[in-house]
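File shown here: final39.txt, holding compact mmCIF, C-alpha atoms.
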# COMPACT_ATOMS: atom_id res chain seq x y z
CA MET A 333 0.00 0.00 0.00
CA ILE A 334 2.81 2.32 0.87
CA PHE A 335 4.47 1.53 -2.41
CA ILE A 336 1.32 2.15 -4.39
CA ARG A 337 0.90 5.52 -2.74
CA LYS A 338 4.53 6.35 -3.40
CA LEU A 339 4.23 5.42 -7.05
CA THR A 340 1.04 7.39 -7.48
CA LEU A 341 2.67 10.47 -6.04
CA LEU A 342 5.68 9.98 -8.19
CA LEU A 343 4.02 9.47 -11.50
CA LEU A 344 0.74 11.30 -11.45
CA LEU A 345 0.88 14.36 -9.22
CA ALA A 346 2.34 17.64 -10.34
CA PRO A 347 4.04 19.80 -7.72
CA LEU A 348 1.79 22.77 -7.18
CA CYS A 349 4.00 25.01 -5.11
CA ALA A 350 7.41 24.45 -6.63
CA PRO A 351 9.53 27.54 -7.13
CA ARG A 352 10.02 28.64 -10.68
CA ALA A 353 12.86 30.62 -12.06
CA GLU A 354 12.07 33.58 -14.27
CA GLN A 355 10.59 31.59 -17.12
CA GLN A 356 10.85 33.10 -20.53
CA LEU A 357 11.01 29.95 -22.58
CA SER A 358 8.01 28.21 -24.02
CA LEU A 359 7.76 24.47 -24.39
CA SER A 360 7.76 22.83 -27.80
CA PRO A 361 4.62 20.93 -28.95
CA ALA A 362 6.52 17.66 -28.40
CA ALA A 363 7.27 18.61 -24.83
CA GLU A 364 3.65 19.57 -24.21
CA GLN A 365 2.60 16.18 -25.56
CA HIS A 366 5.10 14.49 -23.27
CA LEU A 367 3.60 16.30 -20.29
CA LYS A 368 0.09 15.22 -21.25
CA LYS A 369 1.23 11.60 -21.35
CA LEU A 370 2.49 11.89 -17.79
CA GLU A 371 -1.06 12.61 -16.62
CA GLU A 372 -2.52 9.44 -18.13
CA PRO A 373 -3.26 6.37 -16.00
CA ILE A 374 -0.59 3.71 -16.22
CA VAL A 375 -0.41 -0.07 -15.97
CA LEU A 376 2.90 -1.15 -14.49
CA ARG A 377 4.31 -4.67 -14.55
CA GLY A 378 5.19 -6.07 -11.14
CA ASP A 379 8.78 -6.78 -12.12
CA TYR A 380 9.17 -3.25 -13.48
CA PHE A 381 7.85 -1.96 -10.18
CA HIS A 382 10.35 -4.09 -8.29
CA ALA A 383 13.19 -2.71 -10.40
CA VAL A 384 11.97 0.85 -9.95
CA GLN A 385 11.69 0.31 -6.22
CA THR A 386 15.30 -0.83 -6.00
CA ALA A 387 16.57 2.14 -7.96
CA TYR A 388 14.21 4.51 -6.16
CA ASP A 389 15.52 3.56 -2.74
CA ASP A 390 19.11 4.06 -3.80
CA PHE A 391 18.49 7.34 -5.63
CA SER A 392 16.55 8.65 -2.62
CA ARG A 393 19.66 8.18 -0.51
CA VAL A 394 21.79 9.95 -3.11
CA LEU A 395 19.47 12.95 -3.15
CA THR A 396 19.28 13.12 0.64
CA LYS A 397 23.08 13.19 0.86
CA GLU A 398 23.36 15.82 -1.86
CA GLN A 399 20.80 18.02 -0.14
CA SER A 400 22.64 17.78 3.17
CA GLU A 401 25.93 18.73 1.51
CA ALA A 402 24.60 21.52 -0.72
CA LYS A 403 25.88 25.06 -0.20
CA PRO A 404 23.26 27.29 -1.84
CA PRO A 405 24.46 30.88 -1.99
CA ASP A 406 21.08 32.50 -1.31
CA ALA A 407 17.48 31.79 -0.37
CA GLU A 408 16.33 31.36 -3.95
CA ALA A 409 19.03 28.77 -4.61
CA ALA A 410 18.16 27.02 -1.33
CA GLU A 411 14.56 26.69 -2.48
CA LEU A 412 15.70 25.26 -5.80
CA VAL A 413 17.98 22.80 -4.00
CA ARG A 414 15.05 21.61 -1.90
CA TRP A 415 12.98 21.16 -5.03
CA SER A 416 15.62 19.41 -7.10
CA THR A 417 16.64 16.98 -4.36
CA LYS A 418 13.06 15.84 -3.72
CA ILE A 419 12.51 12.56 -5.52
CA ASP A 420 8.82 13.24 -6.13
CA ASN A 421 9.94 15.87 -8.60
CA TYR A 422 11.57 13.29 -10.86
CA ASP A 423 9.97 11.40 -13.72
CA ILE A 424 10.94 7.76 -14.07
CA ASP A 425 11.41 5.76 -17.22
CA VAL A 426 11.79 1.98 -16.99
CA ARG A 427 12.48 -0.41 -19.83
CA GLN A 428 14.28 -3.72 -20.21
CA THR A 429 17.12 -5.39 -22.03
CA LYS A 430 17.64 -9.17 -22.16
CA THR A 431 19.40 -9.22 -18.83
CA ALA A 432 18.45 -6.07 -16.98
CA TYR A 433 15.92 -3.37 -16.30
CA VAL A 434 17.11 0.13 -17.10
CA VAL A 435 15.66 2.81 -14.85
CA HIS A 436 16.16 6.49 -15.59
CA PHE A 437 15.39 9.41 -13.32
CA GLY A 438 15.05 12.90 -14.72
CA LEU A 439 13.73 16.09 -13.16
CA THR A 440 10.20 16.74 -14.28
CA LEU A 441 8.77 19.60 -16.28
CA ARG A 442 5.36 18.97 -14.71
CA GLY A 443 3.43 21.69 -12.97
CA ASN A 444 5.43 24.69 -11.93
CA ALA A 445 8.79 23.05 -12.48
CA PRO A 446 11.78 25.37 -12.40
CA LEU A 447 14.38 25.29 -15.14
CA ILE A 448 17.14 23.04 -13.85
CA LEU A 449 19.89 21.32 -15.82
CA GLY A 450 21.31 17.93 -14.92
CA GLY A 451 20.64 15.90 -11.82
CA GLY A 452 19.25 12.63 -13.14
CA ALA A 453 20.48 9.07 -12.79
CA ARG A 454 20.57 5.81 -14.70
CA TYR A 455 20.41 2.39 -13.07
CA GLU A 456 20.70 -1.11 -14.44
CA ILE A 457 18.93 -3.67 -12.28
CA GLU A 458 19.72 -7.32 -12.88
CA LYS A 459 16.77 -9.48 -13.81
CA GLY A 460 15.96 -12.18 -11.29
CA THR A 461 18.09 -10.85 -8.45
CA PHE A 462 17.01 -7.20 -8.68
CA ARG A 463 20.54 -6.12 -7.74
CA ILE A 464 21.97 -2.84 -8.97
CA VAL A 465 24.63 -3.87 -11.47
CA GLU A 466 25.34 -0.44 -12.89
CA LYS A 467 24.67 3.06 -11.65
CA GLN A 468 25.54 6.36 -13.22
CA LEU A 469 24.68 9.72 -11.77
CA LEU A 470 24.16 12.40 -14.38
CA LYS A 471 25.21 16.03 -14.42
CA MET B 16 45.75 22.04 -19.50
CA GLY B 17 45.59 24.60 -22.25
CA ARG B 18 42.27 25.94 -21.17
CA TYR B 19 43.43 29.41 -20.34
CA ILE B 20 45.86 30.08 -23.12
CA GLU B 21 43.55 32.21 -25.23
CA SER B 22 43.53 35.87 -24.29
CA ASP B 23 39.95 36.93 -24.79
CA PRO B 24 37.45 34.32 -25.92
CA SER B 25 35.30 37.08 -27.33
CA GLY B 26 37.63 37.01 -30.29
CA LEU B 27 36.12 33.70 -31.27
CA GLY B 28 33.04 35.29 -32.63
CA GLY B 29 34.08 38.81 -33.31
CA GLY B 30 32.98 40.18 -29.97
CA ILE B 31 32.69 43.91 -29.76
CA ASN B 32 35.82 45.93 -29.25
CA THR B 33 36.14 46.28 -25.50
CA TYR B 34 37.71 49.71 -25.69
CA ALA B 35 34.84 51.07 -27.74
CA TYR B 36 32.37 49.52 -25.36
CA ALA B 37 34.09 51.10 -22.38
CA ILE B 38 33.76 54.52 -23.94
CA GLU B 39 30.08 54.05 -24.57
CA ASN B 40 29.37 52.53 -21.18
CA PRO B 41 31.96 53.91 -18.78
CA VAL B 42 29.87 53.25 -15.69
CA THR B 43 28.72 49.73 -16.31
CA TRP B 44 31.88 48.42 -17.93
CA SER B 45 33.88 46.57 -15.30
CA ASP B 46 35.37 43.79 -17.41
CA GLN B 47 38.60 45.39 -18.49
CA LEU B 48 40.06 42.09 -19.64
CA GLY B 49 37.02 41.10 -21.62
CA LEU B 50 36.49 37.99 -19.54
CA LYS B 51 33.33 38.48 -17.54
CA PRO B 52 30.09 37.23 -19.07
CA GLY B 53 28.16 40.11 -20.50
CA ASP B 54 30.50 40.94 -23.37
CA LEU B 55 28.62 41.99 -26.48
CA PHE B 56 28.78 39.83 -29.58
CA PRO B 57 27.13 41.50 -32.59
CA SER B 58 24.69 39.03 -34.12
CA SER B 59 25.79 40.15 -37.56
CA ASN B 60 29.03 38.23 -36.98
CA PRO B 61 28.91 34.50 -37.73
CA GLY B 62 29.20 32.40 -34.60
CA ALA B 63 28.29 35.25 -32.27
CA LEU B 64 25.79 33.20 -30.25
CA GLN B 65 28.32 30.46 -29.68
CA ALA B 66 31.06 32.93 -28.85
CA ALA B 67 28.94 34.54 -26.16
CA ALA B 68 28.34 31.14 -24.58
CA VAL B 69 32.01 30.13 -24.78
CA ASP B 70 33.01 33.46 -23.27
CA ALA B 71 30.78 32.79 -20.29
CA LEU B 72 31.87 29.16 -19.89
CA ASP B 73 35.53 30.07 -19.90
CA TRP B 74 34.90 32.86 -17.43
CA ILE B 75 33.37 30.36 -14.99
CA TYR B 76 36.33 27.98 -14.99
CA ARG B 77 38.75 30.89 -14.90
CA THR B 78 36.98 32.47 -11.94
CA TYR B 79 36.17 29.29 -10.02
CA PRO B 80 38.90 26.87 -11.14
CA ASN B 81 38.51 24.47 -8.24
CA THR B 82 34.80 24.52 -7.64
CA ASN B 83 32.84 21.31 -7.87
CA TYR B 84 29.58 23.17 -8.28
CA GLU B 85 27.79 23.52 -11.57
CA TYR B 86 27.19 27.00 -12.95
CA ALA B 87 24.61 27.90 -15.58
CA GLY B 88 23.28 30.83 -17.51
CA THR B 89 21.63 31.84 -20.74
CA VAL B 90 22.46 33.84 -23.84
CA TYR B 91 20.03 36.37 -25.24
CA LEU B 92 19.81 38.90 -28.07
CA ASP B 93 19.70 42.43 -26.74
CA LYS B 94 17.80 45.30 -28.32
CA GLN B 95 20.93 46.51 -30.09
CA GLY B 96 21.35 43.18 -31.87
CA ASN B 97 24.14 41.76 -29.72
CA TYR B 98 24.30 38.33 -28.15
CA VAL B 99 24.96 38.62 -24.44
CA ALA B 100 25.52 35.94 -21.81
CA THR B 101 23.94 36.39 -18.41
CA GLU B 102 26.14 36.10 -15.34
CA PRO B 103 26.08 32.43 -14.30
CA LYS B 104 24.39 31.14 -11.17
CA THR B 105 25.10 28.16 -8.97
CA LEU B 106 22.87 26.22 -6.62
CA GLY B 107 25.85 24.97 -4.64
CA LEU B 108 25.24 21.46 -5.98
CA PRO B 109 27.71 19.28 -7.90
CA ARG B 110 25.26 17.83 -10.43
CA GLN B 111 22.54 20.42 -10.98
CA SER B 112 22.28 24.05 -11.93
CA SER B 113 19.59 26.58 -12.69
CA PRO B 114 20.52 29.17 -15.30
CA SER B 115 20.29 32.88 -14.77
CA HIS B 116 17.86 34.56 -17.12
CA PRO B 117 17.85 37.58 -19.42
CA PRO B 118 16.06 40.78 -18.50
CA ILE B 119 12.28 40.36 -18.33
CA GLY B 120 10.61 40.12 -21.70
CA ILE B 121 13.70 39.08 -23.64
CA PRO B 122 13.67 35.50 -24.90
CA VAL B 123 16.44 33.03 -24.22
CA ALA B 124 18.57 32.22 -27.27
CA ALA B 125 20.77 29.51 -25.73
CA LEU B 126 21.56 27.70 -22.50
CA TYR B 127 25.03 27.16 -21.11
CA HIS B 128 26.40 25.31 -18.10
CA THR B 129 29.51 23.72 -16.62
CA HIS B 130 30.11 20.34 -15.03
CA GLY B 131 32.28 21.30 -12.05
CA GLN B 132 35.11 18.85 -11.41
CA CYS B 133 35.65 15.22 -12.43
CA THR B 134 33.65 13.04 -10.06
CA LYS B 135 33.79 9.26 -9.85
CA GLY B 136 30.60 7.43 -10.77
CA VAL B 137 29.27 10.46 -12.61
CA ASP B 138 29.09 11.15 -16.33
CA ASN B 139 31.22 14.28 -16.34
CA ASP B 140 31.92 14.52 -20.05
CA ASN B 141 28.54 14.56 -21.76
CA PHE B 142 25.16 16.17 -21.90
CA SER B 143 22.64 14.01 -20.09
CA HIS B 144 20.95 11.72 -21.30
CA LYS B 145 21.52 9.67 -24.41
CA THR B 146 18.14 9.56 -26.13
CA ARG B 147 15.17 11.84 -26.34
CA ASP B 148 12.81 9.21 -24.97
CA GLU B 149 14.45 9.23 -21.59
CA PRO B 150 13.18 11.59 -18.92
CA ARG B 151 14.17 15.19 -18.74
CA SER B 152 17.83 15.87 -19.28
CA ASP B 153 20.13 18.54 -20.61
CA LYS B 154 19.35 17.45 -24.15
CA TRP B 155 15.68 16.99 -23.53
CA LEU B 156 15.44 20.44 -22.02
CA ALA B 157 17.16 22.04 -24.99
CA ASP B 158 14.80 20.12 -27.26
CA ALA B 159 11.78 21.18 -25.26
CA TYR B 160 12.73 24.82 -25.51
CA GLN B 161 14.22 24.52 -29.00
CA VAL B 162 17.39 26.42 -28.21
CA PRO B 163 21.04 25.35 -28.47
CA SER B 164 22.79 24.28 -25.29
CA PHE B 165 26.50 24.63 -24.50
CA LEU B 166 28.51 22.63 -21.98
CA GLU B 167 32.07 22.96 -20.72
CA THR B 168 33.38 19.79 -19.07
CA PRO B 169 35.83 19.66 -16.15
CA VAL B 170 38.74 19.04 -18.50
CA GLY B 171 38.07 21.95 -20.80
CA LYS B 172 36.11 20.32 -23.59
CA ILE B 173 33.24 22.43 -24.91
CA LEU B 174 30.22 20.78 -26.49
CA ARG B 175 27.29 22.25 -28.34
CA TYR B 176 23.92 20.55 -28.60
CA ASP B 177 21.43 21.51 -31.31
CA PHE B 178 17.81 20.51 -31.52
CA ASP B 179 16.98 18.26 -34.48
CA PRO B 180 13.34 17.15 -34.71
CA LYS B 181 14.21 14.31 -37.09
CA ASN B 182 16.92 12.73 -34.96
CA GLN B 183 15.53 10.24 -32.48
CA GLU B 184 18.83 10.17 -30.64
CA GLY B 185 18.05 13.67 -29.56
CA GLY B 186 19.78 16.11 -31.87
CA ASN B 187 23.37 16.80 -32.73
CA VAL B 188 26.34 17.25 -30.44
CA THR B 189 29.31 19.15 -31.84
CA VAL B 190 32.69 19.40 -30.18
CA ILE B 191 33.56 23.09 -30.22
CA ARG B 192 36.83 22.67 -28.36
CA ASN B 193 38.63 19.39 -27.84
CA GLY B 194 39.78 18.24 -24.47
CA CYS B 195 40.51 15.10 -22.49
CA SER B 196 37.94 12.98 -20.70
CA CYS B 197 37.65 12.66 -16.96
CA PRO B 198 39.34 9.50 -15.63
CA ASN B 199 36.88 6.75 -14.76
Whole structure given in structure tokens:
Amino acid sequence: MIFIRKLTLLLLLAPLCAPRAEQQLSLSPAAEQHLKKLEEPIVLRGDYFHAVQTAYDDFSRVLTKEQSEAKPPDAEAAELVRWSTKIDNYDIDVRQTKTAYVVHFGLTLRGNAPLILGGGARYEIEKGTFRIVEKQLLK
Amino acid sequence: MGRYIESDPSGLGGGINTYAYAIENPVTWSDQLGLKPGDLFPSSNPGALQAAAVDALDWIYRTYPNTNYEYAGTVYLDKQGNYVATEPKTLGLPRQSSPSHPPIGIPVAALYHTHGQCTKGVDNDNFSHKTRDEPRSDKWLADAYQVPSFLETPVGKILRYDFDPKNQEGGNVTVIRNGCSCPN
């Protein structure tokens, strides 16, 4: 139940109160379409969920550590750090190869998302064992 | 390293003569060496947009050579027809940055950011991610906003990413300045 709630939050809800930098860019039609897709109901395979859960737990720890070590120079940056190190503000993509699940995290453009570069992660989770066999943090 | 050999990167794109600019703007001009972002690059010169971004990227690594924080900013076209880079901002994070923006009402023409220092377990040398289908990334963001994006890596390589709607791999990356890769 906890996991279902977590997944629902992660995939369906847009952050309503996130800070937004001065936004003078407009999204392309393709990006708007991508955002619409994120609002649609999803059916998720159990094994995909298991893989996501493994990566999610690890990436949560990464973000918590990064937040604790951040040195934002001002209040605005501090707010952006809080936003960008909150895992609910990431979109997750999961797919599979023959031997592994590949789970990607990327900061969302949903809702009032600020313009932030970098910060995602890529995990490879071994099929069967659900161990992390490869992990790359992205800048 | 070779990163700081060039005198004034503004020369790359025919940036405006700094002496002339100082005469016209004696109060605001504080970049006597032509290094601080904000130099003017007339859009009539080929490569001016890129030169403004490179100018800003080099300024960051010159000013903060040992920082492991990312810095980011934008390039815009001012009312006089010059490309100008905004002064970069940092969040105080090693893997994320939020670019400074142009004055209100002026659209962004390009994004630029740095990748701090080489960090183990992190992809230091590339725009994130690899394909457009993956969640938001440096490339995806540039695609979404349909502007070029510039990146300087920790070892002095400068990359340019251009939106290409026909390329499913997410557009084209061009190496503007060669450099080494971070050790794994």
Next item on the list: Quote the spacing between atom CA of Phe178 of chain B and atom CA of Ile191 of chain B in Å to one decimal place.
Entry: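 Value for the atom CA of Phe178 of chain B-atom CA of Ile191 of chain B distance: 16.0 Å.
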Next item on the list: Compile the contact shell of segment 65-67 of chain B as a ChimeraX atom specification: residues with an atom at most 10 Å away, counting all atoms listed in the file, same-chain residues fewer than 2 positions apart removed.
Entry: /B:24-30,52-57,60-63,69-72,89-91,97-101,125,127,163-165,175,191
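Closest approach to Ala453 of chain A among B:Asp179, B:Glu167, B:Asp138, B:Asp158: B:Asp138, based on only C-alpha atoms.
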Next item on the list: Using all atoms listed in the file, pick whichever of B:Asp177, B:Glu102, B:Asp73, B:Glu85 has the shortest atom-to-atom distance to chain A.
Entry: B:Glu85
Next item on the list: Give the residues of chain A that lie within 7 Å of chain B; count all atoms listed in the file, and format the answer as a PyMOL selection string.
Entry: chain A and resi 354+356-360+363+402-405+409+413+423-425+436-440+447-451+468-471
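Using only C-alpha atoms, the nearest neighbour of Leu370 of chain A within the list A:Thr417, A:Glu408, A:Gly443, A:Ser392 is A:Gly443.
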Margin query: So, with only C-alpha atoms as the atoms that count, which of A:Lys459, A:Lys467, A:His366, A:Lys430 lies closest to His382 of chain A?
Written below: A:Lys459
Next item on the list: For Gly96 of chain B, please output as a list in words all residues within 7 Å (counting all atoms listed in the file; exclusion window: fewer than 3 positions along the same chain).
Entry: Pro57, Ser58, Leu92 and Asp93 of chain B
Starting from the block above, write segment 61-176 of chain B out to a file with C-alpha atoms, as a short mmCIF file (atom, residue, chain, number, x, y, z; two decimals), in the first residue's frame, please.
data_model
loop_
_atom_site.label_atom_id
_atom_site.label_comp_id
_atom_site.auth_asym_id
_atom_site.auth_seq_id
_atom_site.Cartn_x
_atom_site.Cartn_y
_atom_site.Cartn_z
CA PRO B 61 28.91 34.50 -37.73
CA GLY B 62 29.20 32.40 -34.60
CA ALA B 63 28.29 35.25 -32.27
CA LEU B 64 25.79 33.20 -30.25
CA GLN B 65 28.32 30.46 -29.68
CA ALA B 66 31.06 32.93 -28.85
CA ALA B 67 28.94 34.54 -26.16
CA ALA B 68 28.34 31.14 -24.58
CA VAL B 69 32.01 30.13 -24.78
CA ASP B 70 33.01 33.46 -23.27
CA ALA B 71 30.78 32.79 -20.29
CA LEU B 72 31.87 29.16 -19.89
CA ASP B 73 35.53 30.07 -19.90
CA TRP B 74 34.90 32.86 -17.43
CA ILE B 75 33.37 30.36 -14.99
CA TYR B 76 36.33 27.98 -14.99
CA ARG B 77 38.75 30.89 -14.90
CA THR B 78 36.98 32.47 -11.94
CA TYR B 79 36.17 29.29 -10.02
CA PRO B 80 38.90 26.87 -11.14
CA ASN B 81 38.51 24.47 -8.24
CA THR B 82 34.80 24.52 -7.64
CA ASN B 83 32.84 21.31 -7.87
CA TYR B 84 29.58 23.17 -8.28
CA GLU B 85 27.79 23.52 -11.57
CA TYR B 86 27.19 27.00 -12.95
CA ALA B 87 24.61 27.90 -15.58
CA GLY B 88 23.28 30.83 -17.51
CA THR B 89 21.63 31.84 -20.74
CA VAL B 90 22.46 33.84 -23.84
CA TYR B 91 20.03 36.37 -25.24
CA LEU B 92 19.81 38.90 -28.07
CA ASP B 93 19.70 42.43 -26.74
CA LYS B 94 17.80 45.30 -28.32
CA GLN B 95 20.93 46.51 -30.09
CA GLY B 96 21.35 43.18 -31.87
CA ASN B 97 24.14 41.76 -29.72
CA TYR B 98 24.30 38.33 -28.15
CA VAL B 99 24.96 38.62 -24.44
CA ALA B 100 25.52 35.94 -21.81
CA THR B 101 23.94 36.39 -18.41
CA GLU B 102 26.14 36.10 -15.34
CA PRO B 103 26.08 32.43 -14.30
CA LYS B 104 24.39 31.14 -11.17
CA THR B 105 25.10 28.16 -8.97
CA LEU B 106 22.87 26.22 -6.62
CA GLY B 107 25.85 24.97 -4.64
CA LEU B 108 25.24 21.46 -5.98
CA PRO B 109 27.71 19.28 -7.90
CA ARG B 110 25.26 17.83 -10.43
CA GLN B 111 22.54 20.42 -10.98
CA SER B 112 22.28 24.05 -11.93
CA SER B 113 19.59 26.58 -12.69
CA PRO B 114 20.52 29.17 -15.30
CA SER B 115 20.29 32.88 -14.77
CA HIS B 116 17.86 34.56 -17.12
CA PRO B 117 17.85 37.58 -19.42
CA PRO B 118 16.06 40.78 -18.50
CA ILE B 119 12.28 40.36 -18.33
CA GLY B 120 10.61 40.12 -21.70
CA ILE B 121 13.70 39.08 -23.64
CA PRO B 122 13.67 35.50 -24.90
CA VAL B 123 16.44 33.03 -24.22
CA ALA B 124 18.57 32.22 -27.27
CA ALA B 125 20.77 29.51 -25.73
CA LEU B 126 21.56 27.70 -22.50
CA TYR B 127 25.03 27.16 -21.11
CA HIS B 128 26.40 25.31 -18.10
CA THR B 129 29.51 23.72 -16.62
CA HIS B 130 30.11 20.34 -15.03
CA GLY B 131 32.28 21.30 -12.05
CA GLN B 132 35.11 18.85 -11.41
CA CYS B 133 35.65 15.22 -12.43
CA THR B 134 33.65 13.04 -10.06
CA LYS B 135 33.79 9.26 -9.85
CA GLY B 136 30.60 7.43 -10.77
CA VAL B 137 29.27 10.46 -12.61
CA ASP B 138 29.09 11.15 -16.33
CA ASN B 139 31.22 14.28 -16.34
CA ASP B 140 31.92 14.52 -20.05
CA ASN B 141 28.54 14.56 -21.76
CA PHE B 142 25.16 16.17 -21.90
CA SER B 143 22.64 14.01 -20.09
CA HIS B 144 20.95 11.72 -21.30
CA LYS B 145 21.52 9.67 -24.41
CA THR B 146 18.14 9.56 -26.13
CA ARG B 147 15.17 11.84 -26.34
CA ASP B 148 12.81 9.21 -24.97
CA GLU B 149 14.45 9.23 -21.59
CA PRO B 150 13.18 11.59 -18.92
CA ARG B 151 14.17 15.19 -18.74
CA SER B 152 17.83 15.87 -19.28
CA ASP B 153 20.13 18.54 -20.61
CA LYS B 154 19.35 17.45 -24.15
CA TRP B 155 15.68 16.99 -23.53
CA LEU B 156 15.44 20.44 -22.02
CA ALA B 157 17.16 22.04 -24.99
CA ASP B 158 14.80 20.12 -27.26
CA ALA B 159 11.78 21.18 -25.26
CA TYR B 160 12.73 24.82 -25.51
CA GLN B 161 14.22 24.52 -29.00
CA VAL B 162 17.39 26.42 -28.21
CA PRO B 163 21.04 25.35 -28.47
CA SER B 164 22.79 24.28 -25.29
CA PHE B 165 26.50 24.63 -24.50
CA LEU B 166 28.51 22.63 -21.98
CA GLU B 167 32.07 22.96 -20.72
CA THR B 168 33.38 19.79 -19.07
CA PRO B 169 35.83 19.66 -16.15
CA VAL B 170 38.74 19.04 -18.50
CA GLY B 171 38.07 21.95 -20.80
CA LYS B 172 36.11 20.32 -23.59
CA ILE B 173 33.24 22.43 -24.91
CA LEU B 174 30.22 20.78 -26.49
CA ARG B 175 27.29 22.25 -28.34
CA TYR B 176 23.92 20.55 -28.60
#
